[in-house]
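Asks: Just so it is clear, I am handing over upload11.txt, which has compact mmCIF, C-alpha atoms.
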# COMPACT_ATOMS: atom_id res chain seq x y z
CA MET A 1 87.99 75.10 117.80
CA PRO A 2 88.04 78.24 120.01
CA GLN A 3 90.79 80.68 118.96
CA VAL A 4 91.83 81.71 122.46
CA SER A 5 95.36 82.62 121.33
CA ALA A 6 94.34 85.09 118.61
CA GLN A 7 96.44 88.25 118.82
CA PRO A 8 95.03 91.76 118.31
CA PHE A 9 95.75 93.65 115.10
CA SER A 10 97.97 96.73 115.45
CA ASN A 11 95.35 98.93 113.78
CA ARG A 12 92.74 98.93 111.03
CA ALA A 13 95.33 99.49 108.29
CA GLU A 14 97.28 96.38 109.25
CA ALA A 15 94.04 94.41 109.48
CA GLY A 16 93.05 95.55 105.99
CA LYS A 17 96.34 94.49 104.47
CA LEU A 18 96.03 91.05 106.01
CA LEU A 19 92.41 90.76 104.89
CA ALA A 20 93.32 91.74 101.33
CA ALA A 21 95.50 88.65 100.99
CA ARG A 22 92.37 86.50 101.18
CA PHE A 23 90.96 88.16 98.07
CA SER A 24 94.01 87.96 95.80
CA ALA A 25 92.04 85.97 93.18
CA LEU A 26 89.83 89.05 92.64
CA ALA A 27 92.69 91.49 91.99
CA TRP A 28 92.54 93.95 89.08
CA ARG A 29 89.05 92.93 88.02
CA GLU A 30 86.86 95.78 86.83
CA ASP A 31 83.72 93.94 87.94
CA VAL A 32 84.88 93.93 91.58
CA ILE A 33 84.18 96.76 94.01
CA VAL A 34 84.87 97.19 97.72
CA LEU A 35 82.11 98.83 99.75
CA ALA A 36 83.32 99.93 103.16
CA LEU A 37 80.97 100.59 106.08
CA PRO A 38 81.91 103.94 107.63
CA ARG A 39 83.50 104.94 109.62
CA GLY A 40 85.73 102.19 110.99
CA GLY A 41 85.39 99.98 107.95
CA VAL A 42 86.88 102.58 105.61
CA PRO A 43 90.57 102.28 106.68
CA VAL A 44 90.20 98.49 106.36
CA GLY A 45 88.39 98.71 103.02
CA TYR A 46 90.92 101.19 101.65
CA GLU A 47 93.76 98.71 102.18
CA VAL A 48 91.75 95.89 100.60
CA ALA A 49 90.82 97.96 97.53
CA ASN A 50 94.34 99.36 97.20
CA ALA A 51 95.97 95.93 97.36
CA LEU A 52 93.53 94.47 94.83
CA GLY A 53 93.59 97.44 92.48
CA VAL A 54 89.80 97.74 92.48
CA ALA A 55 87.27 100.51 93.13
CA LEU A 56 86.37 101.67 96.64
CA ASP A 57 83.16 103.32 97.78
CA VAL A 58 81.31 103.73 101.06
CA PHE A 59 77.98 102.21 101.95
CA VAL A 60 76.31 104.02 104.82
CA VAL A 61 74.52 101.92 107.43
CA ARG A 62 73.37 103.04 110.87
CA LYS A 63 72.87 100.82 113.88
CA LEU A 64 69.67 101.29 115.89
CA GLY A 65 70.93 101.24 119.45
CA VAL A 66 68.75 100.40 122.43
CA PRO A 67 68.06 103.69 124.28
CA GLY A 68 70.32 103.83 127.31
CA HIS A 69 72.37 100.91 125.99
CA GLU A 70 73.31 102.22 122.54
CA GLU A 71 76.06 99.63 122.07
CA LEU A 72 73.33 96.96 121.89
CA ALA A 73 71.77 96.84 118.42
CA MET A 74 68.02 96.43 118.16
CA GLY A 75 68.29 96.78 114.39
CA ALA A 76 69.84 98.83 111.61
CA ILE A 77 68.95 101.01 108.63
CA ALA A 78 70.72 101.43 105.29
CA SER A 79 70.46 103.38 102.06
CA GLY A 80 67.45 102.41 99.98
CA ASP A 81 64.95 102.64 102.86
CA VAL A 82 66.11 99.32 104.29
CA ARG A 83 65.31 98.71 107.95
CA LEU A 84 66.02 95.50 109.81
CA VAL A 85 64.88 94.76 113.35
CA ASN A 86 66.59 92.35 115.73
CA HIS A 87 63.48 90.70 117.12
CA ASP A 88 65.42 88.75 119.74
CA VAL A 89 66.54 92.03 121.33
CA VAL A 90 63.29 93.92 120.76
CA ASP A 91 61.04 91.14 122.07
CA GLY A 92 63.40 90.23 124.88
CA LEU A 93 63.47 93.81 126.20
CA GLY A 94 59.86 94.63 125.30
CA ILE A 95 60.83 97.66 123.21
CA PRO A 96 57.73 99.41 121.74
CA SER A 97 57.58 100.02 117.99
CA ALA A 98 57.28 103.76 118.65
CA VAL A 99 60.72 103.74 120.27
CA ILE A 100 62.19 101.90 117.27
CA ASP A 101 60.61 104.46 114.94
CA GLN A 102 62.03 107.34 116.98
CA VAL A 103 65.55 105.96 116.96
CA ALA A 104 65.30 105.06 113.27
CA GLU A 105 64.27 108.59 112.33
CA ARG A 106 67.20 110.08 114.24
CA GLU A 107 69.62 107.67 112.58
CA ARG A 108 68.09 108.31 109.15
CA ILE A 109 69.04 111.98 109.50
CA GLU A 110 72.60 111.00 110.39
CA LEU A 111 72.70 108.53 107.49
CA ALA A 112 71.74 111.27 105.04
CA ARG A 113 74.32 113.64 106.57
CA ARG A 114 77.10 111.11 106.17
CA GLU A 115 76.17 110.23 102.61
CA GLN A 116 76.33 113.92 101.68
CA LEU A 117 79.59 114.40 103.58
CA TYR A 118 81.40 111.41 102.12
CA ARG A 119 80.04 111.34 98.60
CA GLY A 120 78.62 114.80 97.97
CA ASN A 121 76.30 114.64 94.98
CA GLN A 122 78.03 111.60 93.52
CA PRO A 123 75.73 108.57 93.35
CA LEU A 124 76.79 105.14 94.51
CA ALA A 125 78.74 103.30 91.84
CA PRO A 126 76.61 100.84 89.82
CA LEU A 127 76.54 97.43 91.49
CA ALA A 128 74.47 95.37 89.05
CA GLY A 129 76.35 92.31 87.89
CA ARG A 130 79.42 93.09 89.99
CA THR A 131 81.18 91.20 92.75
CA VAL A 132 80.80 93.33 95.87
CA ILE A 133 83.16 92.92 98.83
CA VAL A 134 81.50 94.51 101.88
CA VAL A 135 84.09 95.42 104.49
CA ASP A 136 83.90 96.50 108.12
CA ASP A 137 86.44 96.50 110.94
CA GLY A 138 84.63 93.70 112.75
CA LEU A 139 81.37 91.91 113.43
CA ALA A 140 79.65 91.70 116.79
CA THR A 141 75.88 91.18 116.38
CA GLY A 142 76.02 91.65 112.61
CA SER A 143 72.95 93.94 112.49
CA THR A 144 74.57 96.68 110.42
CA MET A 145 76.12 94.17 108.02
CA ARG A 146 72.77 92.42 107.49
CA ALA A 147 71.16 95.77 106.66
CA ALA A 148 73.97 96.53 104.22
CA ILE A 149 73.58 93.15 102.50
CA ALA A 150 69.81 93.58 102.19
CA ALA A 151 70.22 97.03 100.65
CA ILE A 152 72.99 95.94 98.27
CA ARG A 153 70.88 92.96 97.10
CA GLN A 154 68.37 95.46 95.72
CA GLN A 155 71.06 96.57 93.24
CA GLN A 156 71.30 93.02 91.81
CA PRO A 157 75.04 92.36 92.15
CA ALA A 158 76.51 89.10 90.87
CA SER A 159 77.63 88.21 94.38
CA ILE A 160 78.15 89.72 97.82
CA ILE A 161 81.19 88.77 99.89
CA VAL A 162 81.54 89.94 103.48
CA GLY A 163 85.11 90.61 104.57
CA VAL A 164 86.14 91.46 108.13
CA PRO A 165 89.35 91.08 110.13
CA VAL A 166 87.56 89.77 113.22
CA GLY A 167 84.09 88.61 114.17
CA ALA A 168 82.04 86.73 116.71
CA PRO A 169 82.05 83.08 115.61
CA SER A 170 78.26 82.73 115.66
CA THR A 171 77.76 85.98 113.72
CA CYS A 172 80.22 85.03 110.98
CA GLN A 173 78.46 81.70 110.63
CA GLU A 174 74.95 83.19 110.59
CA LEU A 175 75.87 85.75 107.93
CA ARG A 176 76.54 82.93 105.48
CA LYS A 177 72.76 82.74 105.13
CA ASP A 178 72.69 86.33 103.85
CA ALA A 179 75.92 86.71 101.86
CA ASP A 180 77.36 84.54 99.09
CA ASP A 181 80.59 84.18 101.07
CA VAL A 182 81.95 85.39 104.40
CA VAL A 183 85.63 85.90 105.21
CA CYS A 184 86.39 86.44 108.90
CA LEU A 185 90.16 86.34 109.45
CA ARG A 186 89.77 85.68 113.15
CA THR A 187 86.84 84.34 115.13
CA PRO A 188 88.12 84.41 118.73
CA ASP A 189 86.15 82.66 121.44
CA PRO A 190 85.37 84.31 123.79
CA PHE A 191 84.82 87.31 121.52
CA VAL A 192 83.41 90.05 123.84
CA ALA A 193 83.89 93.11 121.57
CA VAL A 194 85.51 94.18 118.28
CA GLY A 195 87.69 96.81 119.95
CA LEU A 196 89.50 94.24 122.08
CA TRP A 197 91.09 92.79 118.95
CA TYR A 198 92.88 96.00 117.95
CA ARG A 199 95.75 97.63 119.82
CA ASP A 200 94.67 100.95 118.31
CA PHE A 201 90.89 101.15 117.98
CA SER A 202 90.61 104.93 118.11
CA GLU A 203 87.62 106.48 116.36
CA THR A 204 87.96 107.07 112.62
CA PRO A 205 87.13 110.76 112.01
CA ASP A 206 85.07 111.95 109.05
CA ALA A 207 88.13 113.76 107.69
CA GLU A 208 90.05 110.48 107.47
CA VAL A 209 87.15 108.80 105.68
CA ARG A 210 87.05 111.58 103.08
CA ALA A 211 90.84 111.56 102.68
CA LEU A 212 90.98 107.81 102.08
CA LEU A 213 88.12 107.95 99.59
CA GLY A 214 89.84 110.79 97.77
CA ARG A 215 93.14 108.94 97.72
CA SER A 216 91.51 105.84 96.26
CA GLU A 217 90.15 107.87 93.36
CA SER A 218 93.50 109.44 92.44
Show how you would write the structure in this file as C-alpha cells.
Replies:
Amino acid sequence: MPQVSAQPFSNRAEAGKLLAARFSALAWREDVIVLALPRGGVPVGYEVANALGVALDVFVVRKLGVPGHEELAMGAIASGDVRLVNHDVVDGLGIPSAVIDQVAERERIELARREQLYRGNQPLAPLAGRTVIVVDDGLATGSTMRAAIAAIRQQQPASIIVGVPVGAPSTCQELRKDADDVVCLRTPDPFVAVGLWYRDFSETPDAEVRALLGRSES
C-alpha cells in the first residue's frame, strides 16, 4: 500500500534512533557490528550502534555518477576492488566502458582518501562470522548499497542486514536478493529522492564523521 502520508524525519540523528528500535534483539552482542556508509549514513549508524551498545565502523563506497548527471548512478565501487555496474543505466544511455573506467578511477582516489581520513592506518574490524548491519541515510537506486554488500560478503560474515530510515519501495524489495534481511522504516510512494524525507538533510562534513567515530570508540 503506498505510504503517501509518511512524514519526514527531523534529521539523521532522529532517524537513527527510530531505526535502532527495529534492531533491539541484537543489542549488546559482541558478534554484531554496524557499518555506516559515509558520509550521510554515519550520523544514522552512530545512533543505531549507540542504542544497541555495539561496535561502529565506516565502510567506504563511492557512487559512479553519470557525467553531467552525477546524481544518477551508473554503478558503484567499494573497498576490496569491488565494482558494480548498473547495466540498465549504462545500456540505456549508451555509456562507453572508457567513460565508466574514467569515473571509477576518479572515485577510487576519493575512496582511498576517505578511508585514510576516517580510519587512518586502522584496518576494518574483522567481519568473519559476525552479524553486520549496513546503514545509510536512505536508498534511491541502491547502487552504493549493493557494492557495499558485495564487498562485505568477501569477508564471510554470518549475515548482512541492511538498515535505512527511508527507501524507494522497489529498491528495498530488490535488495532482499543481496542481503539476508532489509529494514526500511519508510517506503513512501511516490519516493522521488532521499532528501525529501528529512527536514534537515544538510551535508555531513568529514569532521562530523570523524567526531562520531571517535565518540563511539570512547
Asks: Please compute the atom CA of Leu93 of chain A-atom CA of Leu72 of chain A distance, one decimal, in Å.
Replies: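 Pair atom CA of Leu93 of chain A / atom CA of Leu72 of chain A returns 11.2 Å.
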Asks: My list of candidates is A:Val82, A:Ala73, A:Val134, A:Cys184. Which is closest to Ala49 of chain A when distances are computed with all atoms listed in the file?
Replies: A:Val134
Asks: For each of A:Val99, A:Ala179, A:Val32, A:Leu56, take the minimum atom-to-atom distance to Ala147 of chain A, counting only C-alpha atoms, then give the residue where this is smallest.
Replies: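 Between A:Val99, A:Ala179, A:Val32, A:Leu56, the residue approaching Ala147 of chain A most closely is A:Ala179.
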Asks: Excluding segment 163-172 of chain A and its own-chain neighbours fewer than 3 positions away, which residues fall within 6 Å of it when counting all atoms listed in the file? Please give them as a count of residues only.
Replies: 15
Asks: In file coordinates, which residues lie within 9 Å of (92.0, 105.0, 115.3) using only C-alpha atoms, given as a list of chain:residue names?
Replies: A:Asn11, A:Arg12, A:Gly40, A:Asp200, A:Phe201, A:Ser202, A:Glu203, A:Thr204, A:Pro205
